[in-house]
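Q: So I've got this file, run.csv, and it contains CSV, C-alpha atoms:
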chain,number,residue,atom,x,y,z
A,1,MET,CA,-27.4,11.0,-2.0
A,2,ALA,CA,-24.8,10.0,0.6
A,3,SER,CA,-24.1,6.7,-1.2
A,4,VAL,CA,-23.6,8.6,-4.5
A,5,VAL,CA,-21.1,10.9,-2.8
A,6,MET,CA,-19.3,7.8,-1.4
A,7,VAL,CA,-19.1,6.2,-4.8
A,8,TYR,CA,-17.6,9.3,-6.3
A,9,ILE,CA,-15.0,9.5,-3.5
A,10,CYS,CA,-14.2,5.8,-4.1
A,11,VAL,CA,-13.7,6.6,-7.8
A,12,VAL,CA,-11.3,9.4,-6.9
A,13,GLY,CA,-9.4,7.0,-4.7
A,14,ALA,CA,-9.2,4.4,-7.4
A,15,VAL,CA,-7.9,7.0,-9.9
A,16,GLY,CA,-5.3,8.0,-7.3
A,17,MET,CA,-4.3,4.3,-7.0
A,18,LEU,CA,-3.9,4.1,-10.8
A,19,ILE,CA,-1.8,7.3,-10.9
A,20,GLY,CA,0.5,5.8,-8.1
A,21,MET,CA,0.7,2.6,-10.1
A,22,ALA,CA,1.8,4.4,-13.2
A,23,LEU,CA,4.5,6.3,-11.3
A,24,LEU,CA,5.8,3.1,-9.8
A,25,LEU,CA,5.8,1.4,-13.2
A,26,GLY,CA,8.1,4.2,-14.3
A,27,ARG,CA,10.5,3.5,-11.4
A,28,SER,CA,10.4,-0.3,-11.9
A,29,ILE,CA,11.3,0.2,-15.6
A,30,ALA,CA,14.0,2.8,-15.0
A,31,GLY,CA,15.3,1.6,-11.7
A,32,PRO,CA,19.1,1.6,-11.8
A,33,THR,CA,19.5,-1.4,-9.4
A,34,PHE,CA,17.6,-4.6,-9.0
A,35,TYR,CA,16.5,-3.6,-5.5
A,36,ASP,CA,14.8,-0.5,-6.8
A,37,ARG,CA,12.8,-2.7,-9.1
A,38,ALA,CA,11.9,-5.1,-6.4
A,39,LEU,CA,10.8,-2.3,-4.1
A,40,ALA,CA,8.7,-0.7,-6.9
A,41,VAL,CA,7.0,-4.0,-7.8
A,42,ASN,CA,6.2,-4.7,-4.1
A,43,SER,CA,4.7,-1.3,-3.7
A,44,PHE,CA,2.8,-1.7,-7.0
A,45,GLY,CA,1.3,-4.9,-5.6
A,46,THR,CA,0.1,-3.1,-2.5
A,47,LYS,CA,-1.5,-0.4,-4.7
A,48,ALA,CA,-3.1,-3.1,-6.8
A,49,VAL,CA,-4.7,-4.6,-3.7
A,50,LEU,CA,-6.1,-1.2,-2.7
A,51,PHE,CA,-7.4,-0.6,-6.2
A,52,LEU,CA,-9.1,-4.0,-6.2
A,53,CYS,CA,-10.8,-3.2,-2.8
A,54,LEU,CA,-12.0,0.2,-4.1
A,55,PHE,CA,-13.1,-1.2,-7.4
A,56,SER,CA,-15.2,-4.0,-5.8
A,57,LEU,CA,-16.9,-1.4,-3.5
A,58,ILE,CA,-17.6,0.8,-6.5
A,59,MET,CA,-19.1,-2.1,-8.4
A,60,GLY,CA,-20.9,-3.4,-5.3
A,61,ARG,CA,-19.5,-6.9,-5.7
A,62,GLN,CA,-17.8,-9.0,-3.1
A,63,ASP,CA,-15.5,-10.9,-5.5
A,64,GLY,CA,-12.8,-8.3,-5.7
A,65,VAL,CA,-12.1,-8.4,-2.0
A,66,ASP,CA,-11.5,-12.1,-2.1
A,67,ILE,CA,-9.0,-11.7,-4.9
A,68,ALA,CA,-7.4,-8.8,-3.0
A,69,ILE,CA,-6.8,-11.1,0.0
A,70,LEU,CA,-5.1,-13.6,-2.3
A,71,TYR,CA,-3.1,-10.9,-4.0
A,72,ALA,CA,-1.9,-9.4,-0.7
A,73,LEU,CA,-0.5,-12.8,0.3
A,74,MET,CA,1.0,-13.6,-3.1
A,75,ASN,CA,2.7,-10.2,-3.2
A,76,PHE,CA,4.6,-10.7,0.0
A,77,ILE,CA,5.6,-14.3,-0.8
A,78,ALA,CA,6.7,-13.3,-4.3
A,79,THR,CA,8.8,-10.5,-3.0
A,80,VAL,CA,10.6,-12.7,-0.5
A,81,ALA,CA,11.0,-15.4,-3.1
A,82,ILE,CA,12.4,-13.1,-5.7
A,83,LEU,CA,14.9,-11.6,-3.2
A,84,LYS,CA,16.0,-15.0,-2.1
A,85,PHE,CA,16.4,-16.3,-5.7
A,86,PHE,CA,18.5,-13.3,-6.7
A,87,ARG,CA,20.7,-13.7,-3.7
A,88,TYR,CA,21.4,-17.4,-3.7
A,89,ARG,CA,20.4,-18.2,-7.4
A,90,ALA,CA,18.3,-21.0,-6.1
A,91,LEU,CA,15.2,-21.4,-4.0
A,92,ASP,CA,16.4,-24.6,-2.3
A,93,THR,CA,18.9,-23.0,0.1
A,94,PRO,CA,18.2,-22.0,3.7
A,95,LEU,CA,17.7,-18.3,4.2
A,96,ALA,CA,20.4,-17.8,7.0
A,97,GLN,CA,23.7,-19.6,7.3
A,98,ARG,CA,23.2,-20.8,10.8
A,99,PRO,CA,26.3,-23.1,11.3
A,100,GLN,CA,28.7,-20.2,10.6
A,101,ARG,CA,27.0,-17.9,13.1
A,102,LYS,CA,27.0,-20.6,15.8
A,103,LYS,CA,30.7,-21.1,15.2
A,104,ALA,CA,31.4,-17.4,15.4
A,105,ARG,CA,29.4,-17.1,18.6
A,106,GLY,CA,31.1,-20.1,20.2
A,107,GLY,CA,34.5,-18.7,19.3
A,108,ARG,CA,33.7,-15.4,20.9
A,109,ASN,CA,32.4,-17.0,24.1
A,110,GLY,CA,35.3,-19.5,24.4
B,1,MET,CA,-34.7,8.8,-0.1
B,2,ALA,CA,-34.9,12.2,1.6
B,3,GLU,CA,-38.3,13.0,0.2
B,4,VAL,CA,-39.8,9.7,1.3
B,5,LYS,CA,-38.5,10.3,4.8
B,6,HIS,CA,-40.0,13.8,4.9
B,7,ASP,CA,-43.4,12.6,3.7
B,8,ALA,CA,-43.5,9.7,6.2
B,9,ALA,CA,-42.5,11.9,9.2
B,10,SER,CA,-45.1,14.0,11.0
B,11,HIS,CA,-45.2,17.6,10.0
B,12,ALA,CA,-45.8,19.0,13.5
B,13,ALA,CA,-42.9,17.6,15.6
B,14,ALA,CA,-40.3,17.2,12.8
B,15,PRO,CA,-37.9,14.9,14.6
B,16,LEU,CA,-34.3,14.8,13.6
B,17,PRO,CA,-33.7,12.5,10.7
B,18,TRP,CA,-31.2,10.2,12.5
B,19,ALA,CA,-30.9,7.7,9.7
B,20,GLU,CA,-29.8,10.4,7.3
B,21,ILE,CA,-27.5,12.0,9.8
B,22,PHE,CA,-25.8,8.7,10.4
B,23,GLU,CA,-25.5,8.0,6.7
B,24,TRP,CA,-23.9,11.4,6.0
B,25,THR,CA,-21.5,11.0,9.0
B,26,GLN,CA,-20.5,7.6,7.7
B,27,ALA,CA,-20.0,9.0,4.2
B,28,LEU,CA,-17.9,12.0,5.3
B,29,LEU,CA,-15.8,10.0,7.7
B,30,SER,CA,-15.0,7.2,5.2
B,31,GLY,CA,-14.5,9.8,2.4
B,32,GLY,CA,-12.0,11.7,4.5
B,33,PHE,CA,-10.1,8.5,5.3
B,34,ILE,CA,-10.0,7.4,1.7
B,35,LEU,CA,-8.9,10.8,0.4
B,36,THR,CA,-6.1,11.0,3.1
B,37,GLY,CA,-5.0,7.5,2.2
B,38,ALA,CA,-4.9,8.3,-1.5
B,39,PHE,CA,-2.8,11.4,-0.8
B,40,PHE,CA,-0.3,9.4,1.2
B,41,VAL,CA,-0.1,6.7,-1.4
B,42,ILE,CA,0.5,9.2,-4.3
B,43,ALA,CA,3.0,11.0,-2.1
B,44,GLY,CA,4.9,7.7,-1.6
B,45,ALA,CA,4.8,6.9,-5.3
B,46,ILE,CA,6.2,10.3,-6.2
B,47,GLY,CA,8.9,9.8,-3.5
B,48,ILE,CA,9.8,6.5,-5.0
B,49,LEU,CA,10.1,8.1,-8.4
B,50,ARG,CA,12.0,11.2,-7.3
B,51,MET,CA,14.2,10.4,-4.4
B,52,PRO,CA,17.9,10.3,-5.3
B,53,ASP,CA,19.0,7.0,-3.7
B,54,PHE,CA,17.8,3.5,-3.0
B,55,TYR,CA,17.7,3.9,0.8
B,56,THR,CA,15.8,7.2,0.6
B,57,ARG,CA,13.4,5.6,-1.8
B,58,ILE,CA,12.8,2.6,0.5
B,59,HIS,CA,12.0,5.1,3.3
B,60,ALA,CA,9.4,6.9,1.1
B,61,ALA,CA,7.9,3.5,0.1
B,62,GLY,CA,7.8,1.8,3.5
B,63,MET,CA,6.3,4.6,5.5
B,64,THR,CA,3.6,5.8,3.2
B,65,ASP,CA,2.6,2.5,1.8
B,66,THR,CA,1.6,1.1,5.2
B,67,MET,CA,-0.1,4.3,6.4
B,68,GLY,CA,-1.9,5.0,3.2
B,69,ALA,CA,-3.1,1.4,2.9
B,70,GLU,CA,-4.4,1.4,6.5
B,71,PHE,CA,-6.2,4.7,5.9
B,72,ILE,CA,-7.9,3.6,2.7
B,73,LEU,CA,-8.9,0.2,4.2
B,74,LEU,CA,-10.3,1.9,7.4
B,75,GLY,CA,-12.4,4.2,5.1
B,76,LEU,CA,-13.7,1.2,3.2
B,77,ILE,CA,-14.5,-0.7,6.5
B,78,ILE,CA,-16.5,2.3,7.8
B,79,GLN,CA,-18.3,2.6,4.4
B,80,SER,CA,-19.3,-1.1,4.2
B,81,GLY,CA,-20.6,-1.3,7.8
B,82,PHE,CA,-21.2,-4.5,9.7
B,83,THR,CA,-21.1,-7.0,6.8
B,84,GLN,CA,-19.0,-9.9,5.7
B,85,MET,CA,-17.2,-7.5,3.4
B,86,SER,CA,-15.9,-5.4,6.2
B,87,LEU,CA,-14.5,-8.5,7.9
B,88,LYS,CA,-12.6,-9.4,4.7
B,89,LEU,CA,-11.3,-5.8,4.5
B,90,LEU,CA,-10.2,-6.0,8.1
B,91,LEU,CA,-8.3,-9.2,7.2
B,92,ILE,CA,-6.6,-7.4,4.3
B,93,ALA,CA,-5.7,-4.5,6.6
B,94,PHE,CA,-4.1,-6.9,9.1
B,95,LEU,CA,-2.2,-8.7,6.3
B,96,LEU,CA,-0.9,-5.5,4.8
B,97,PHE,CA,0.0,-4.2,8.2
B,98,VAL,CA,2.1,-7.3,8.9
B,99,THR,CA,3.6,-8.0,5.5
B,100,SER,CA,4.3,-4.6,4.1
B,101,PRO,CA,7.0,-3.5,6.6
B,102,THR,CA,8.4,-7.0,6.5
B,103,ALA,CA,8.8,-7.0,2.8
B,104,THR,CA,10.4,-3.5,2.9
B,105,HIS,CA,12.8,-4.7,5.6
B,106,ALA,CA,13.6,-7.8,3.5
B,107,ILE,CA,14.5,-5.6,0.5
B,108,ALA,CA,16.6,-3.2,2.6
B,109,HIS,CA,18.4,-6.1,4.2
B,110,ALA,CA,19.1,-7.8,0.9
B,111,ALA,CA,20.4,-4.6,-0.6
B,112,HIS,CA,22.6,-4.0,2.5
B,113,LEU,CA,24.0,-7.6,2.4
B,114,SER,CA,24.8,-7.3,-1.3
B,115,GLY,CA,26.9,-4.2,-0.6
B,116,LEU,CA,24.9,-1.4,-2.0
B,117,LYS,CA,26.3,1.8,-0.6
B,118,PRO,CA,24.1,4.8,0.2
B,119,LYS,CA,24.7,7.9,-1.8
B,120,LEU,CA,26.6,10.4,0.4
B,121,GLY,CA,27.6,13.9,-0.1
B,122,PRO,CA,25.8,17.2,-0.8
B,123,TYR,CA,22.2,17.0,-2.0
B,124,GLU,CA,21.4,17.7,-5.6
B,125,ALA,CA,17.9,17.4,-6.8
B,126,PRO,CA,17.4,14.8,-9.6
B,127,GLN,CA,16.6,16.2,-13.0
B,128,LEU,CA,14.0,14.6,-15.2
B,129,ASP,CA,16.7,13.5,-17.6
B,130,ASP,CA,18.7,11.3,-15.3
B,131,ILE,CA,15.9,9.4,-13.6
B,132,GLY,CA,17.1,6.4,-15.4
B,133,LYS,CA,20.8,6.7,-14.6
B,134,GLY,CA,20.6,8.3,-11.2
B,135,GLY,CA,20.7,6.3,-8.0
B,136,GLY,CA,23.1,4.4,-5.7
B,137,LYS,CA,26.0,3.7,-8.1
Represent the structure contained in this file as structure tokens.

A:
Amino acid sequence: MASVVMVYICVVGAVGMLIGMALLLGRSIAGPTFYDRALAVNSFGTKAVLFLCLFSLIMGRQDGVDIAILYALMNFIATVAILKFFRYRALDTPLAQRPQRKKARGGRNG
Amino acid sequence: MAEVKHDAASHAAAPLPWAEIFEWTQALLSGGFILTGAFFVIAGAIGILRMPDFYTRIHAAGMTDTMGAEFILLGLIIQSGFTQMSLKLLLIAFLLFVTSPTATHAIAHAAHLSGLKPKLGPYEAPQLDDIGKGGGK
């Protein structure tokens, strides 16, 4: 009985994740700036991870949790890579411009 | 399961069914955590859709995503007990706890560096018509 109640609660949570994903899809389609879209896609990925966890517990299989670990990692890396690409138009550049900062600091000290 | 327990137990003493009590406590605790997390996640999604500006949207996303995800994963960990699955769920909870605020900060920093200005002035609630064209600029 208790396990049946838990499965129903998990189904409610999974439907909630799907509703949240639909709302975020709306923002990522209609976002006025690029950064709105990046934010919505990142949040969408988090909700997809949670949906995978809930779904694998509903189905009683362990496979979904493994995929969710991979998706959580890929989501973060993809967000940072997309941001870097759209700022520098290439992935081959360093993230911070260190020589300029060091020069500015040295000038201030000296 | 309850009937089997009742038949097996002695009729005279009727000891408390500790296994069943533990099961129901686990169910109610994890259900409460999962429902709270789902509420926070949906509230964050509505905030991302309805807030007037990018910086307010990022506030709605960053706070509720981390908190709702931690709540839902805590509920699932309680539900799955001491198994390999709960260890994996703990790993996901740790990863999301570290990477979600970092990604939000990266997006906010990139937007700030690119010169996106926050929307200032008196507040006006967004209409459903201008969800597409509303926003920072």

Q: Using all atoms listed in the file, determine which residues lie at most 10 Å from Leu24 (chain A), disregarding the query and same-chain residues fewer than 4 positions distant; provide the list as a compact mmCIF listing (two decimals) with C-alpha atoms, keeping the file's coordinate frame.

A:
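Below is the file that was written, around.txt:
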# COMPACT_ATOMS: atom_id res chain seq x y z
CA LEU A 18 -3.90 4.10 -10.80
CA ILE A 19 -1.80 7.30 -10.90
CA GLY A 20 0.50 5.80 -8.10
CA SER A 28 10.40 -0.30 -11.90
CA ILE A 29 11.30 0.20 -15.60
CA ALA A 30 14.00 2.80 -15.00
CA GLY A 31 15.30 1.60 -11.70
CA ARG A 37 12.80 -2.70 -9.10
CA LEU A 39 10.80 -2.30 -4.10
CA ALA A 40 8.70 -0.70 -6.90
CA VAL A 41 7.00 -4.00 -7.80
CA ASN A 42 6.20 -4.70 -4.10
CA SER A 43 4.70 -1.30 -3.70
CA PHE A 44 2.80 -1.70 -7.00
CA LYS A 47 -1.50 -0.40 -4.70
CA ILE B 42 0.50 9.20 -4.30
CA GLY B 44 4.90 7.70 -1.60
CA ALA B 45 4.80 6.90 -5.30
CA ILE B 46 6.20 10.30 -6.20
CA GLY B 47 8.90 9.80 -3.50
CA ILE B 48 9.80 6.50 -5.00
CA LEU B 49 10.10 8.10 -8.40

Q: Could you list, with a cut-off of 6 Å and counting only C-alpha atoms, the residues of chain A near chain B, each shown with its nearest atom pair and the distance in Å rounded to one decimal, rows sorted by chain and ascending number, as JSON lines?

A:
{"residue": "A:Ala2", "atom": "CA", "partner": "B:Trp24", "partner_atom": "CA", "distance": 5.7}
{"residue": "A:Met6", "atom": "CA", "partner": "B:Ala27", "partner_atom": "CA", "distance": 5.8}
{"residue": "A:Ile9", "atom": "CA", "partner": "B:Gly31", "partner_atom": "CA", "distance": 5.9}
{"residue": "A:Gly13", "atom": "CA", "partner": "B:Ala38", "partner_atom": "CA", "distance": 5.7}
{"residue": "A:Gly16", "atom": "CA", "partner": "B:Ala38", "partner_atom": "CA", "distance": 5.8}
{"residue": "A:Gly20", "atom": "CA", "partner": "B:Ile42", "partner_atom": "CA", "distance": 5.1}
{"residue": "A:Leu24", "atom": "CA", "partner": "B:Ala45", "partner_atom": "CA", "distance": 6.0}
{"residue": "A:Arg27", "atom": "CA", "partner": "B:Leu49", "partner_atom": "CA", "distance": 5.5}
{"residue": "A:Ala30", "atom": "CA", "partner": "B:Gly132", "partner_atom": "CA", "distance": 4.8}
{"residue": "A:Ile69", "atom": "CA", "partner": "B:Ile92", "partner_atom": "CA", "distance": 5.7}

Q: With C-alpha atoms retained, could you export that selection as a PDB file, in the frame of the given file?

A:
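So the final result, stored in result26.pdb, reads:
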ATOM      1  CA  ALA A   2     -24.800  10.000   0.600  1.00  0.00           C
ATOM      2  CA  MET A   6     -19.300   7.800  -1.400  1.00  0.00           C
ATOM      3  CA  ILE A   9     -15.000   9.500  -3.500  1.00  0.00           C
ATOM      4  CA  GLY A  13      -9.400   7.000  -4.700  1.00  0.00           C
ATOM      5  CA  GLY A  16      -5.300   8.000  -7.300  1.00  0.00           C
ATOM      6  CA  GLY A  20       0.500   5.800  -8.100  1.00  0.00           C
ATOM      7  CA  LEU A  24       5.800   3.100  -9.800  1.00  0.00           C
ATOM      8  CA  ARG A  27      10.500   3.500 -11.400  1.00  0.00           C
ATOM      9  CA  ALA A  30      14.000   2.800 -15.000  1.00  0.00           C
ATOM     10  CA  ILE A  69      -6.800 -11.100   0.000  1.00  0.00           C
TER      11      ILE A  69
END

Q: Determine the nearest neighbour of Phe86 (chain A) from the options A:Ala48, A:Met59, A:Leu70, A:Ala38, counting only C-alpha atoms.

A: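 Comparing A:Ala48, A:Met59, A:Leu70, A:Ala38 against Phe86 (chain A), the winner is A:Ala38.
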
Q: When you count all atoms listed in the file, which of these residues is closest to Lys119 (chain B): B:Ala19, B:Met51, B:Ala13, B:Phe33?

A: B:Met51

Q: Could you check the closest approach to Leu50 (chain A) for each of A:Ala68, A:Leu25, A:Asn75, A:Gln62 and tell me which residue wins, using only C-alpha atoms?

A: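 Checking each candidate against Leu50 (chain A), we get A:Ala68 as the closest.
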
Q: Rounded to one decimal, what separation in Å do you get between CA of Arg89 (chain A) and CA of His105 (chain B)?

A: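 CA of His105 (chain B) lies 20.2 Å from CA of Arg89 (chain A).
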
Q: What is the CA of Gly26 (chain A)-CA of Phe51 (chain A) distance in Å, reported with one decimal?

A: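 That distance, rounded to one decimal, is 18.1 Å.
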
Q: In Å, with one decimal, what is the gap from CA of Leu52 (chain A) to CA of Val65 (chain A)?

A: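 That distance, rounded to one decimal, is 6.8 Å.
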